[in-house]
Each structure stands twice: as C-alpha cells, then as structure tokens.
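Worksheet: the structure to be examined is printed underneath.
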Amino acid sequence: MKLIYPFFVKFLSKLSSSTLTFGFLFLTSFSMAQNYPVKPVTIVVPFAAGGPTDAVARMIAVPMTQFLGQTVIVENTVGAGGTIGANRVAKANPDGYMIFLHHVGMSTAPALYPKLPYDPVNDFEFIGQVVDVPLTLIARKNIPANNFKELEAYLKKNQEKVTMGNAGPGAVSQLCSMLFTNKMGIKLTEVPYKGTGPAMTDLLGGTIDIMCDQTTNTVANIRADKVKVFGTTTLKRLKSLPNIPTLDEQGFKGFEVVAWHGLYAPKGTPPAVMEKLNAALKNALANSEIKARLADLSVEEASAENVSASGLKKQLESEIKRWTPIIKAAGVTAD
C-alpha cells in the first residue's frame with residue numbers, strides 16, 4: 001500500500017485540470033441521468049393551447065407522467081410558425097427537463113426562415129416520432145357551397161374576398177393552404193394566427209371563410225355539424241370520417257399532406273435521459289386509452305421503427321429535402 005499510494009498521487013498530479021473537469025462532469029451527468037427525473041418535465045408546444053399539436057402533447061403527457069413518476073407539463077410558447085418555441089428549447093439546459101413537440105413545420109423552417117437561429121437537425125437530440133395526423137379542408141357553416149365542385153367555383157369567383165386561416169408561416173395548415181391554392185390556381189387572403197385553436201374559433205364565428213387543419217382539431221366540429229367539410233388530405237378515406245371523400249378522389253390527384261409529429265430534446269441531453277424519455281413515449285403510445293382516442297380522430301401512431309432517435313432524424317432530414325424545393329418554387333418566405 002505504501003508503494004501504490006505515492007504512485008497514485010503522482011499519477012493524479014500529472015493529469016490536466018481539463019481531464020479532471022471532464023471526468024467530474026461525466027460522473028455528474030451520469031449520476032443525474034440515473035436519478036432522472038427528480039422534478040416535473042415540460043413539453044414545449046410552439047402553438048396556442050387548444051390547437052392540434054397541443055392536443056397531441058396533452059394526450060401523451062398523462063401516460064408519460066405515470067411512466068416517469070413526475071408530472072409532465074405542457075407549456076405553449078407561440079409565434080413565428082413554431083420557431084420561437086423551437087429556439088427556446090434549442091438553447092435550454094440539456095438535462096431532460098424541457099423537451100419539444102413539433103410537427104412537419106420543423107422541416108419547413110430552414111426554407112421559410114433564412115435567418116433561422118437554430119439548426120433543426122444539429123441543435124436537437126431526437127426522442128422519437130409520435131403520430132401522423134391527416135388534415136381536412138373545412139369552411140364556415142354558411143359558406144354558399146355544398147360540395148367540392150361548388151366550393152371550387154365559389155373560390156375562383158370570389159378569391160379576392162375569401163379569407164383562409166392558418167397557424168402562421170411554416171405551420172402545416174399554412175403549407176396545406178399554399179399547396180391547395182397553388183393547385184387550384186387561385187390566390188386567397190391568408191389570415192395567420194398563433195395556432196389553429198384561435199383560427200377555429202373565428203371560423204366557427206364566421207370571421208374567416210375556410211381553413212385546412214388537422215383532424216385533432218376538426219373531427220369534433222365536423223361531427224357536431226358546426227362546419228362544412230369538403231375533403232381530406234389523405235389518399236385514402238379516413239376511418240373516423242368514412243363519408244368524407246379525399247381531395248385526391250375529387251380531382252386533386254396526388255394531393256397529400258400529413259402532419260407528422262416528433263419529440264425532441266436540446267443537444268447534449270445525456271443518453272440515459274434520452275433512453276428514459278424514449279421509453280416514456282413508447283409507453284404512452286402503447287396505452288390502450290390513447291390508442292382508442294387517436295383512432296377516433298384518424299390519427300396514426302408512428303411505426304415502431306420511427307419511434308426512435310434514428311427514425312425521427314431520418315424523417316426530419318427526408319422532409320426537409322421534400323419541402324425545401326416546394327417552398328422555394330412558391331416563393332414563400334417568413335422573414
């Protein structure tokens with residue numbers, strides 16, 4: 001022992017302070033990850049409360065709370081098509097206590113915002129894809145059209161007067177509107193909101209005329225006959241709305257827009273924490289009550305392959321490649 005101890009002290013003295021600091025931080029991070037979570041976890045939603053992305057977050061928050069043993073809080077940080085909320089999480093402490101739920105808008109931001117303050121691919125860790133949400137084309141109840149052909153004629157005749165709501169630049173509702181009006185060859189007055197929750201309120205009140213929005217925000221109002229619905233943005237009819245034809249079968253061949261949602265954490269979040277968050281997400285999606293609620297809204301949970309870090313990253317990179325040329329060709333920017 002007398003021989004070993006001096007040698008050990010001499011060895012430590014030769015280690016650089018940076019090496020010792022790294023070792024300390026590693027052990028601290030490992031300890032934090034093993035005990036995670038010891039306080040509530042916040043899911044940041046970059047759109048208004050009551051909207052479709054908010055609905056998805058609140059659905060998974062309850063089973064995630066049960067799995068993690070700490071409350072999972074949903075917090076809305078709205079504005080700029082979701083980029084304010086995204087930037088907030090990108091700059092947050094990477095300890096797993098602030099995570100982020102966003103939809104396809106995560107992949108359109110680079111093309112829409114030339115001065116984007118974060119990198120969607122490199123400034124986040126990937127927890128996993130959550131769900132795929134189809135959209136519906138709806139209008140105020142008293143719009144003078146009763147089917148898609150009548151709506152098409154009405155919009156072409158009154159395009160200067162018609163208002164179309166969306167959740168802001170980069171939101172899936174805005175992307176759907178852009179594709180819809182481009183395909184029809186018309187230009188409507190776009191009315192951006194901080195989420196389609198408030199946009200739906202105005203549509204129900206007759207303040208705006210038409211909107212393209214996710215089923216999580218529209219199915220209840222469609223069933224209650226509070227809005228008129230003119231089609232879905234899927235290639236096959238929705239199980240929850242079997243009598244509503246797709247836009248594809250009504251002449252808009254190949255028209256498909258699906259709002260896929262992913263769950264992210266700040267870059268540098270410890271791997272052990274990421275594993276727990278991924279396990280909590282998988283547990284939420286396996287919950288029988290959640291499955292039933294999602295099915296009722298024609299929402300599909302992501303495949304087992306995509307409820308993973310690699311699956312979500314692959315999806316994001318693929319969608320950036322898909323949407324960037326479309327947005328640039330349309331000449332749409334948010335700055």
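Letters A, B, ... go to the chains of the structure tokens in the order shown; residues in each chain start at 1; ligands are counted from 1 in the same order.
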
Residues near Gln159 of chain A, cut-off 7 Å, only C-alpha atoms, skip fewer than 5 positions along chain, as a PyMOL selection string
chain A and resi 186-188

Produce a file of the selected residues containing C-alpha atoms, as a PDB file, in the first residue's frame.
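The resulting file, selection-v2.pdb, is reproduced below:
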ATOM      1  CA  ILE A 186     -56.128  30.981 -57.129  1.00  0.00           C
ATOM      2  CA  LYS A 187     -54.901  33.483 -54.538  1.00  0.00           C
ATOM      3  CA  LEU A 188     -56.891  33.882 -51.335  1.00  0.00           C
TER       4      LEU A 188
END

Env of Val44 of chain A: 12 Å cut, atoms = only C-alpha atoms, seq-sep filter 4 positions within chain, self excluded. Answer as JSON, numbers by chain. {"A": [48, 49, 53, 54, 56, 57, 58, 61, 72, 73, 74, 75, 76, 77, 78, 82, 83, 84, 85, 86, 87, 88, 89, 90, 92, 97, 98, 99, 100, 101, 102, 262, 263, 264, 265, 266]}

Computed gap from atom CA of Lys239 of chain A to atom CA of Ser298 of chain A is 6.2 Å

- prompt: Can you list, as a list in words, every protein, DNA or RNA residue that comes within 7 Å of Leu247 of chain A when you count only C-alpha atoms, leaving out same-chain residues fewer than 5 positions away?
  reply: Gly231, Thr232, Thr233, Phe252 and Phe255 of chain A

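One finds atom CA of Glu249 of chain A at 23.5 Å from atom CA of Ala220 of chain A.
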
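Atom to atom, atom CA of Leu68 of chain A and atom CA of Lys276 of chain A stand 7.9 Å apart.
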
Problem - Contacts of Thr136 of chain A at 9 Å (only C-alpha atoms; same-chain gap of 4+ positions) as a PyMOL selection string - result: chain A and resi 211-215+218-219+229-234+246

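The closest residue to Thr196 of chain A, picked from A:Asn146, A:Gln174, A:Gln66, A:Ser308 and counting only C-alpha atoms, is A:Gln174.
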
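Minimum atom-to-atom distance to Ser318 of chain A, evaluated using only C-alpha atoms, belongs to A:Met106 out of A:Ile143, A:Ala224, A:Met184, A:Met106.
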
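Minimum atom-to-atom distance to Arg140 of chain A, evaluated using only C-alpha atoms, belongs to A:Thr201 out of A:Asn93, A:Thr201, A:Ser288, A:Ser303.
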
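Within segment 49-104 of chain A, residues classed as strand (DSSP E or B) by DSSP on backbone coordinates are Val72, Ile73, Val74, Glu75, Asn76, Met98, Ile99, Phe100, Leu101 and His102 of chain A.
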
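If you measure from each of A:Ala279, A:Val162, A:Ile320, A:Val258 to Pro134 of chain A using only C-alpha atoms, the closest one turns out to be A:Val258.
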
Restricting to only C-alpha atoms, whichever of A:Gly128, A:Pro114, A:Pro40, A:Pro120 is closest to Asn306 of chain A is A:Gly128

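Minimum atom-to-atom distance to Ile127 of chain A, evaluated using only C-alpha atoms, belongs to A:Pro271 out of A:Gly105, A:Pro271, A:Pro110, A:Gly331.
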
Residues near Leu294 of chain A, anyone? I mean within 10 Å using only C-alpha atoms, not counting same-chain ones fewer than 3 positions away, as an MDAnalysis selection string. chainID A and resid 56 59 131:133 215:216 240 285 288:291 297:301

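All residues of protein, DNA or RNA that reach within 12 Å of Ala80 of chain A, judged by only C-alpha atoms and not counting those fewer than 4 positions away in the chain, are Pro46, Phe47, Ala48, Ile84, Gly85, Ala86, Asn87, Gly105, Met106, Ala109, Leu112, Tyr113, Leu116, Pro117, Ala167, Gly168, Pro169, Gly170, Ala171, Pro192, Tyr193, Lys194, Gly195, Thr333, Ala334 and Asp335 of chain A.
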